[in-house]
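The structure appears below as C-alpha cells.
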Amino acid sequence: MEPLRHTSVVQFGTYEISLRSGELRKAGVRIRVQQQPLRLLEILLERPGEVVTREELRSLIWPNESFGDFDQAVNVAIAKLRAALGDSADNPRYIETLPRRGYRFIAGVAVVNRPTNKLEPLPEVGSSEAEEPAQIEVTAEAGPKHLLWKYGWKTLGAAIALVLLVLIAWIFFWRSRLPAKTLSSSPIRSLAVLPLENLSSDSQDYFADGMTDELITDLAQISALRVISRTSVMSYKGVRKPLPQIARELNVDAVVEGTVLRSNKKVRITAQLIRAPADKHLWAESYEGDLRDTLALQKRVARAIAEEIRIKVTPQEETVLQNVKVVNPEAYENYLKGRYFWNKRTADGLTKATYYFNQAIESDPTYSLPYTGLADVYQMSDRPQLAREEVKRALDRDDQLAEAHNSLARILYLFDRDWEGAEREFERAVELNHNYAPAHHWYSMYLALKGRNEQALVEAQKAYELDPLSAVTGANLAKIFEEAGQDDKAIEQAKKTLDLEPDSAVTHAVLGLGYEKKRMYAEAIAEYKRALQLGGSPAEMRGLLGNAYAVSGNHAAAQEIIAELKSLWPEHARAALDLAVVFSGLGDKENAVHWLERAQEAHVSDLIGIGKDPHFVKLRSDRRFQSLVQRVGVPQ
C-alpha cells in the first residue's frame, strides 16, 4: 500500500480516520483518542495485513523511552486504541497481537484521497454548533405542458429522480452530522459492567475483578438506573459474544467495557460505554493515577457514565459518588483478594478469603468492607455469633453499607427471631442500594415466610432482574412462585434457570418440589436424585427424596433413606429435620415430632419455616407441633 497522504481519509468497518485533521469517527460521530494511540493506528493502517514489529513502533513513536517504559507505553496505547474501536485481544476485529513480535491490522481498508486543500471538520458529539443547511431553490420557467413539449417525459422523469436523489442525500448527510444523542434519543435505564480486562498479568486478575466489582457498586448507587449484579456479569469473563446478544441475555440498554493496567504503584482504567442493542459506541475515556487513588478513579468513571447517559442522580447519590474514602492501598488490595476467593464459594476459597480479610483489617483497622467480608464467610459456614460480631464492627465504622445491613437482617431473623428488626434492616439495605440483588433476594424469602406472597414476588423478581444469570436468584423466584401457589409458573421458571445452568442442584430440587405438589412423583424423584448427584445438601436432598418415595407408596425406598439420614446424625444436625420430613410422608407422626424436637435442640435454623412447610400439613393439628411452631417458627 502506498504511504498515506495527509489528504487521505481511511475507512475500515464503520470507522474512518482523517489523517489531515487527526480525527477518528464511527458512523459520523467523533471518538476522542489520544495522540499516541492515534499515531499507532496510522502506522498500522499504512501496512494492513502486515506485521508491524514492536521495535518499529518504538523507533517511530517512542524513540527515547527505556525498554521497560516502552513496554508499558505500547501496551497502554494498544489498550486505549482497542477500547476506542470496541476491539478485543482475544477475538480481534481490527488489531491482532502477535506475542513478542508486534501487531497487525486485519480488517479491510479503503482509502479516499481528497485533493482539496480544505476539509471541513464535522461537528463533535454534543456540539451545539451546526451550520444552517443551504436553501435549495427550484424555479420553473414554463408550465408542465411546456416542459413536456420541450424535453419529453423521459427527461422530466430523470430530472425528478435527480431532485429526489439530491434531497435524500442531503437528509442522510445532515443526519450523519447530528450528535449521537439525537440519533439515539431513547433513554438508557439499565446497564451491565462487563468484566474489565486485565492487561497486567494473570496474577493480577483479582485486581481487575475488584475494579469491576467497585464500578458496579458505584453505579448501583443510582436508584434510577438498573445495574446488573456481579454474579451475572462475571459469567462473561473471557467469553467473546456480540454485544447485542449480551444485551438481550441481560435485558439491558447499554454495557460498559474496559481494561485495567497496573504497573508498580500506578493504575490506569480505560472504559467505554456502548449502546448494546445497536453496538453503538457512545463514549470512551482513560483514567490514570496512583494506586492509592484507585477508588477516586473508579468514582470518576461512574460519574462520567452517569453524565453521559443523562440519568437522574439525586443529591444524596451525587454525594456518594463524590465522596471518596482514603483507604490504605495494602488493605484495599487484600480486601480485593479476599472477595476474589470468597466468590469461589469453596471450602478452600473461604479459608483464603478469611486470611486476606484479616490481612486487610491488620493493614487498616478503620476500613469497613473487610469486616463485611468476614461476616459473609462466617454466615456461609454457619457461625452466627462470629458473623454478628463482624457485622457490628462494619457498621460501627460505616453505617451506610448495604451489604452490612443485609447481613444483619439475615442474622436477626434466622438466629435471633427478631422479625421487626430484620425487616427494618432489609428495608435499610434496599434503601442504601436499590441495585443490590442479595438484599432483594433475602428480603423475598423473609416476606414469603411471613406469608406476604405478593410483596415476596416483587422482591424476588427484582433480584432476578438484577442477576438474571444466577441460578440462586432464578431458583429463588421459582420457589417464591411455589410459596404463592403458582406451581406452573414455578416449574416454568425452574426449567428456564436450568437451561442457563443445568448443574444447579438447588434448582433441580426446586423443580422437584413443583412436580411433587402436582403429584408428578416420578418426575420429582428424578429431580431430587439429580440434585443429590450434583452435590446438593446431603441431608436436605435425602429428606426430599425420602418424602417423595413415601407419598408415592414406595415405603421400602423411604426406609432406606431414613437409614442413610440416621447415619448422618448428629454430625449433620440438619438431618434431624429431614428425618422428620420423611416420617411425615410415611404418616408416622410420633417419629416426625420426635425428630423435629431433636432439630430444635440442635438449633437448626431452617426450622423457622416448618409452620408453612407443605411436608408437615398432616401435623398441623398436633398440639406438640403447634407448640414447636410457636417456639421456633414465624409468628402468624
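FYI, nothing fancy with the C-alpha cells labels: chains A, B, ... in order, residues from 1 per chain, ligands from 1 as they appear.
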Near segment 578-583 of chain A, counting only C-alpha atoms, which residues have an atom at most 10 Å away, once you skip same-chain residues fewer than 3 positions from it, shown as a PyMOL selection string? chain A and resi 539-551+555+558-559+561-566+569+573-575+586-599+610+613-616
Could you write those residues out with C-alpha atoms, as a PDB file, in the first residue's frame?
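Wrote it out as part11.pdb, contents follow:
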```pdb
ATOM      1  CA  ALA A 539     -29.323 -34.308  54.366  1.00  0.00           C
ATOM      2  CA  GLU A 540     -31.863 -31.989  52.738  1.00  0.00           C
ATOM      3  CA  MET A 541     -31.805 -33.742  49.355  1.00  0.00           C
ATOM      4  CA  ARG A 542     -32.237 -37.138  51.035  1.00  0.00           C
ATOM      5  CA  GLY A 543     -35.136 -35.747  53.050  1.00  0.00           C
ATOM      6  CA  LEU A 544     -36.919 -34.554  49.918  1.00  0.00           C
ATOM      7  CA  LEU A 545     -36.195 -37.813  48.084  1.00  0.00           C
ATOM      8  CA  GLY A 546     -37.349 -39.951  51.026  1.00  0.00           C
ATOM      9  CA  ASN A 547     -40.576 -37.989  51.359  1.00  0.00           C
ATOM     10  CA  ALA A 548     -41.292 -38.380  47.619  1.00  0.00           C
ATOM     11  CA  TYR A 549     -40.754 -42.138  47.922  1.00  0.00           C
ATOM     12  CA  ALA A 550     -43.074 -42.228  50.932  1.00  0.00           C
ATOM     13  CA  VAL A 551     -46.010 -40.297  49.448  1.00  0.00           C
ATOM     14  CA  HIS A 555     -42.107 -47.249  51.594  1.00  0.00           C
ATOM     15  CA  ALA A 558     -38.195 -44.361  52.067  1.00  0.00           C
ATOM     16  CA  GLN A 559     -36.895 -46.607  54.861  1.00  0.00           C
ATOM     17  CA  ILE A 561     -33.313 -43.076  53.063  1.00  0.00           C
ATOM     18  CA  ILE A 562     -34.176 -42.997  56.789  1.00  0.00           C
ATOM     19  CA  ALA A 563     -31.243 -45.299  57.484  1.00  0.00           C
ATOM     20  CA  GLU A 564     -28.913 -43.045  55.483  1.00  0.00           C
ATOM     21  CA  LEU A 565     -30.119 -39.930  57.324  1.00  0.00           C
ATOM     22  CA  LYS A 566     -29.645 -41.564  60.726  1.00  0.00           C
ATOM     23  CA  TRP A 569     -26.938 -37.593  62.526  1.00  0.00           C
ATOM     24  CA  ALA A 573     -27.644 -31.501  62.629  1.00  0.00           C
ATOM     25  CA  ARG A 574     -29.884 -30.708  59.644  1.00  0.00           C
ATOM     26  CA  ALA A 575     -30.517 -34.474  59.242  1.00  0.00           C
ATOM     27  CA  LEU A 586     -44.955 -42.069  55.856  1.00  0.00           C
ATOM     28  CA  GLY A 587     -47.710 -40.800  58.172  1.00  0.00           C
ATOM     29  CA  ASP A 588     -45.604 -41.560  61.281  1.00  0.00           C
ATOM     30  CA  LYS A 589     -46.483 -38.532  63.438  1.00  0.00           C
ATOM     31  CA  GLU A 590     -44.672 -39.739  66.555  1.00  0.00           C
ATOM     32  CA  ASN A 591     -41.304 -40.076  64.877  1.00  0.00           C
ATOM     33  CA  ALA A 592     -41.856 -36.892  62.883  1.00  0.00           C
ATOM     34  CA  VAL A 593     -42.431 -34.823  66.040  1.00  0.00           C
ATOM     35  CA  HIS A 594     -39.565 -36.611  67.824  1.00  0.00           C
ATOM     36  CA  TRP A 595     -37.039 -35.624  65.177  1.00  0.00           C
ATOM     37  CA  LEU A 596     -38.383 -32.070  64.944  1.00  0.00           C
ATOM     38  CA  GLU A 597     -37.679 -31.705  68.673  1.00  0.00           C
ATOM     39  CA  ARG A 598     -34.167 -33.095  68.147  1.00  0.00           C
ATOM     40  CA  ALA A 599     -33.674 -30.459  65.422  1.00  0.00           C
ATOM     41  CA  ILE A 610     -41.969 -25.532  59.405  1.00  0.00           C
ATOM     42  CA  ASP A 613     -43.856 -26.318  55.018  1.00  0.00           C
ATOM     43  CA  PRO A 614     -46.285 -28.468  52.934  1.00  0.00           C
ATOM     44  CA  HIS A 615     -44.451 -31.603  54.100  1.00  0.00           C
ATOM     45  CA  PHE A 616     -45.943 -31.087  57.577  1.00  0.00           C
TER      46      PHE A 616
END
```
Which residues come within 9 Å of Gln298 of chain A, counting only C-alpha atoms, excluding same-chain residues fewer than 3 positions away, as a VMD selection string? chain A and resid 211 214 to 215 218 269 287 293 to 295 301 to 303
Expected file: the selected residues, C-alpha atoms, as a tab-separated table (two decimals), in the first residue's frame:
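Heads up, here's the output in part19.tsv:
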```tsv
chain	number	residue	atom	x	y	z
A	211	MET	CA	-12.28	-2.93	39.84
A	214	GLU	CA	-16.34	-1.49	42.69
A	215	LEU	CA	-17.59	0.11	39.46
A	218	ASP	CA	-20.71	2.81	42.49
A	269	ILE	CA	-8.55	2.33	33.93
A	287	TYR	CA	-8.09	7.49	33.84
A	293	ASP	CA	-6.19	6.89	44.20
A	294	THR	CA	-7.89	3.82	42.71
A	295	LEU	CA	-11.23	4.43	44.43
A	301	VAL	CA	-15.63	6.66	35.75
A	302	ALA	CA	-19.03	6.17	37.40
A	303	ARG	CA	-19.77	9.91	37.38
```
Neighbours of Thr314 of chain A within 9 Å (only C-alpha atoms; same-chain residues fewer than 4 positions away dropped), as a count of residues only? 4
May I have a table of the residues of segment 494-544 of chain A lying at most 12 Å from segment 473-483 of chain A, giving each one's closest pair of atoms and their distance in Å to one decimal, counting only C-alpha atoms, ordered by chain and ascending residue number, as CSV?
```
residue,atom,partner,partner_atom,distance
A:Ala494,CA,A:Ala478,CA,5.6
A:Lys495,CA,A:Ala478,CA,9.2
A:Lys496,CA,A:Gly474,CA,8.1
A:Thr497,CA,A:Gly474,CA,5.6
A:Leu498,CA,A:Gly474,CA,8.8
A:Asp499,CA,A:Gly474,CA,10.8
A:Leu500,CA,A:Gly474,CA,9.7
A:Glu501,CA,A:Gly474,CA,9.9
A:Pro502,CA,A:Ala475,CA,11.8
A:Ser504,CA,A:Ala475,CA,8.9
A:Ala505,CA,A:Ala475,CA,9.8
A:Val506,CA,A:Ala475,CA,6.8
A:Thr507,CA,A:Ala475,CA,5.0
A:His508,CA,A:Ala475,CA,8.6
A:Ala509,CA,A:Ala475,CA,9.0
A:Val510,CA,A:Lys479,CA,6.2
A:Leu511,CA,A:Ala478,CA,8.0
A:Gly512,CA,A:Lys479,CA,10.7
A:Leu513,CA,A:Glu482,CA,8.2
A:Gly514,CA,A:Glu482,CA,6.8
A:Tyr515,CA,A:Glu482,CA,10.5
A:Glu516,CA,A:Glu482,CA,11.1
A:Lys517,CA,A:Glu482,CA,8.8
A:Lys518,CA,A:Glu482,CA,10.9
```
Between A:Pro570, A:Pro438, A:Gly102, A:Gly485, which is the closest to Asp467 of chain A once you count only C-alpha atoms?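 Counting only C-alpha atoms, the residue closest to Asp467 of chain A is A:Pro438.
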I need the alpha helix (DSSP H) residues of segment 419-536 of chain A per DSSP on the backbone, written as number ranges by chain. A: 419-432, 437-449, 453-466, 471-483, 487-500, 505-517, 521-533
Could you take the residues named above and write them with C-alpha atoms, as an mmCIF file, in the first residue's frame?
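Output (again_12.cif):
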```
data_model
loop_
_atom_site.group_PDB
_atom_site.id
_atom_site.type_symbol
_atom_site.label_atom_id
_atom_site.label_comp_id
_atom_site.auth_asym_id
_atom_site.auth_seq_id
_atom_site.Cartn_x
_atom_site.Cartn_y
_atom_site.Cartn_z
ATOM 1 C CA TRP A 419 -38.709 -10.134 62.913
ATOM 2 C CA GLU A 420 -39.317 -6.406 63.167
ATOM 3 C CA GLY A 421 -35.620 -5.655 63.446
ATOM 4 C CA ALA A 422 -34.874 -7.858 60.435
ATOM 5 C CA GLU A 423 -37.427 -6.056 58.283
ATOM 6 C CA ARG A 424 -36.000 -2.656 59.242
ATOM 7 C CA GLU A 425 -32.530 -3.822 58.215
ATOM 8 C CA PHE A 426 -33.733 -5.263 54.893
ATOM 9 C CA GLU A 427 -35.528 -2.019 54.077
ATOM 10 C CA ARG A 428 -32.417 -0.057 55.023
ATOM 11 C CA ALA A 429 -30.222 -2.232 52.791
ATOM 12 C CA VAL A 430 -32.555 -1.726 49.809
ATOM 13 C CA GLU A 431 -32.774 1.999 50.524
ATOM 14 C CA LEU A 432 -28.975 2.319 50.528
ATOM 15 C CA ALA A 437 -29.587 -8.179 44.364
ATOM 16 C CA PRO A 438 -28.814 -10.190 47.542
ATOM 17 C CA ALA A 439 -30.870 -7.739 49.638
ATOM 18 C CA HIS A 440 -33.934 -8.204 47.385
ATOM 19 C CA HIS A 441 -33.304 -11.975 47.319
ATOM 20 C CA TRP A 442 -33.164 -12.464 51.086
ATOM 21 C CA TYR A 443 -35.954 -9.971 51.719
ATOM 22 C CA SER A 444 -38.208 -12.002 49.406
ATOM 23 C CA MET A 445 -37.514 -15.149 51.454
ATOM 24 C CA TYR A 446 -38.324 -13.268 54.657
ATOM 25 C CA LEU A 447 -41.597 -11.956 53.192
ATOM 26 C CA ALA A 448 -42.569 -15.425 51.945
ATOM 27 C CA LEU A 449 -42.047 -16.854 55.441
ATOM 28 C CA ASN A 453 -46.558 -13.520 48.945
ATOM 29 C CA GLU A 454 -47.309 -10.558 46.691
ATOM 30 C CA GLN A 455 -44.501 -8.498 48.197
ATOM 31 C CA ALA A 456 -42.235 -11.542 48.167
ATOM 32 C CA LEU A 457 -42.785 -11.974 44.417
ATOM 33 C CA VAL A 458 -41.978 -8.310 43.779
ATOM 34 C CA GLU A 459 -38.663 -8.611 45.643
ATOM 35 C CA ALA A 460 -37.779 -11.982 44.089
ATOM 36 C CA GLN A 461 -38.486 -10.621 40.601
ATOM 37 C CA LYS A 462 -36.330 -7.574 41.303
ATOM 38 C CA ALA A 463 -33.440 -9.782 42.426
ATOM 39 C CA TYR A 464 -33.836 -11.871 39.275
ATOM 40 C CA GLU A 465 -33.848 -8.786 37.019
ATOM 41 C CA LEU A 466 -30.636 -7.589 38.645
ATOM 42 C CA ALA A 471 -29.077 -19.961 39.462
ATOM 43 C CA VAL A 472 -29.619 -18.761 43.028
ATOM 44 C CA THR A 473 -31.938 -15.885 42.074
ATOM 45 C CA GLY A 474 -33.657 -17.973 39.388
ATOM 46 C CA ALA A 475 -34.306 -20.868 41.761
ATOM 47 C CA ASN A 476 -35.470 -18.469 44.463
ATOM 48 C CA LEU A 477 -38.007 -16.891 42.103
ATOM 49 C CA ALA A 478 -39.323 -20.377 41.272
ATOM 50 C CA LYS A 479 -39.550 -21.198 44.997
ATOM 51 C CA ILE A 480 -41.472 -17.975 45.714
ATOM 52 C CA PHE A 481 -43.907 -18.871 42.899
ATOM 53 C CA GLU A 482 -44.458 -22.191 44.690
ATOM 54 C CA GLU A 483 -44.995 -20.425 48.025
ATOM 55 C CA ASP A 487 -46.928 -24.155 40.634
ATOM 56 C CA ASP A 488 -46.959 -23.985 36.830
ATOM 57 C CA LYS A 489 -45.011 -20.714 36.875
ATOM 58 C CA ALA A 490 -42.619 -22.256 39.405
ATOM 59 C CA ILE A 491 -41.906 -25.207 37.126
ATOM 60 C CA GLU A 492 -41.509 -22.925 34.103
ATOM 61 C CA GLN A 493 -39.056 -20.664 35.963
ATOM 62 C CA ALA A 494 -37.051 -23.605 37.295
ATOM 63 C CA LYS A 495 -36.712 -25.063 33.785
ATOM 64 C CA LYS A 496 -35.658 -21.660 32.445
ATOM 65 C CA THR A 497 -32.967 -21.437 35.106
ATOM 66 C CA LEU A 498 -31.740 -24.953 34.330
ATOM 67 C CA ASP A 499 -31.417 -24.010 30.660
ATOM 68 C CA LEU A 500 -28.778 -21.497 31.762
ATOM 69 C CA ALA A 505 -28.501 -28.690 42.477
ATOM 70 C CA VAL A 506 -30.779 -26.198 44.210
ATOM 71 C CA THR A 507 -32.754 -25.570 41.001
ATOM 72 C CA HIS A 508 -33.276 -29.304 40.416
ATOM 73 C CA ALA A 509 -34.575 -29.553 43.992
ATOM 74 C CA VAL A 510 -36.994 -26.656 43.470
ATOM 75 C CA LEU A 511 -38.226 -28.229 40.231
ATOM 76 C CA GLY A 512 -38.751 -31.471 42.138
ATOM 77 C CA LEU A 513 -40.886 -29.626 44.698
ATOM 78 C CA GLY A 514 -43.017 -28.240 41.881
ATOM 79 C CA TYR A 515 -43.554 -31.697 40.417
ATOM 80 C CA GLU A 516 -44.313 -33.214 43.825
ATOM 81 C CA LYS A 517 -47.006 -30.610 44.539
ATOM 82 C CA TYR A 521 -43.887 -38.239 41.738
ATOM 83 C CA ALA A 522 -41.698 -39.988 39.163
ATOM 84 C CA GLU A 523 -40.522 -36.635 37.812
ATOM 85 C CA ALA A 524 -39.990 -35.280 41.343
ATOM 86 C CA ILE A 525 -37.905 -38.311 42.362
ATOM 87 C CA ALA A 526 -35.734 -37.927 39.241
ATOM 88 C CA GLU A 527 -35.061 -34.265 40.071
ATOM 89 C CA TYR A 528 -34.193 -34.969 43.718
ATOM 90 C CA LYS A 529 -31.791 -37.730 42.662
ATOM 91 C CA ARG A 530 -30.122 -35.352 40.216
ATOM 92 C CA ALA A 531 -29.805 -32.678 42.911
ATOM 93 C CA LEU A 532 -28.146 -35.207 45.234
ATOM 94 C CA GLN A 533 -25.733 -36.313 42.481
#
```
Quick one: everything within 9 Å of Phe105 of chain A, counting only C-alpha atoms, minus sequence neighbours fewer than 5 positions away in the same chain. Send it as a list in words.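 The contact residues come out as Leu41, Leu44, Leu45, Arg47, Pro48, Gly49, Glu50, Val51, Val52, Arg93, Tyr94, Ile95 and Glu96 of chain A.
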Compile the contact shell of Ser407 of chain A as a list in words: residues with an atom at most 9 Å away, counting only C-alpha atoms, same-chain residues fewer than 4 positions apart removed.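 Once the nearby chain positions are removed, what remains is Thr372, Ala375, Asp376, Gln379, Ala387, Arg388, Val391, Ala402, Glu403, Ile411, Leu412, Glu425, Phe426 and Ala439 of chain A.
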Would you mind exporting C-alpha atoms of the selected residues as a compact mmCIF listing (two decimals), in the first residue's frame?
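File produced: out05.txt:
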```txt
# COMPACT_ATOMS: atom_id res chain seq x y z
CA THR A 372 -18.48 -7.44 55.97
CA ALA A 375 -19.32 -11.73 58.25
CA ASP A 376 -20.24 -13.31 54.91
CA GLN A 379 -22.61 -16.85 57.79
CA ALA A 387 -20.87 -13.18 61.85
CA ARG A 388 -22.81 -10.95 64.26
CA VAL A 391 -21.31 -7.03 61.13
CA ALA A 402 -26.00 -2.07 52.24
CA GLU A 403 -24.04 -5.33 52.49
CA ILE A 411 -28.86 -12.83 61.44
CA LEU A 412 -31.79 -11.12 63.15
CA GLU A 425 -32.53 -3.82 58.21
CA PHE A 426 -33.73 -5.26 54.89
CA ALA A 439 -30.87 -7.74 49.64
```
Among listed residues A:Asp279, A:Glu560, A:Asp418, A:Asp622, nearest Val634 of chain A (using only C-alpha atoms): A:Asp418
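For the choices A:Ile31, A:Leu414, A:Leu534, A:Leu408, the atom-to-atom distance to Asp606 of chain A is smallest for A:Leu414 when using only C-alpha atoms.
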Distance in Å - atom CA of Leu350 of chain A versus atom CA of Gly535 of chain A: 17.7 Å
In Å to one decimal, how far is atom CA of His405 of chain A from atom CA of Tyr367 of chain A? 16.3 Å
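In this structure, atom CA of Ala278 of chain A sits 26.4 Å away from atom CA of Ala77 of chain A.
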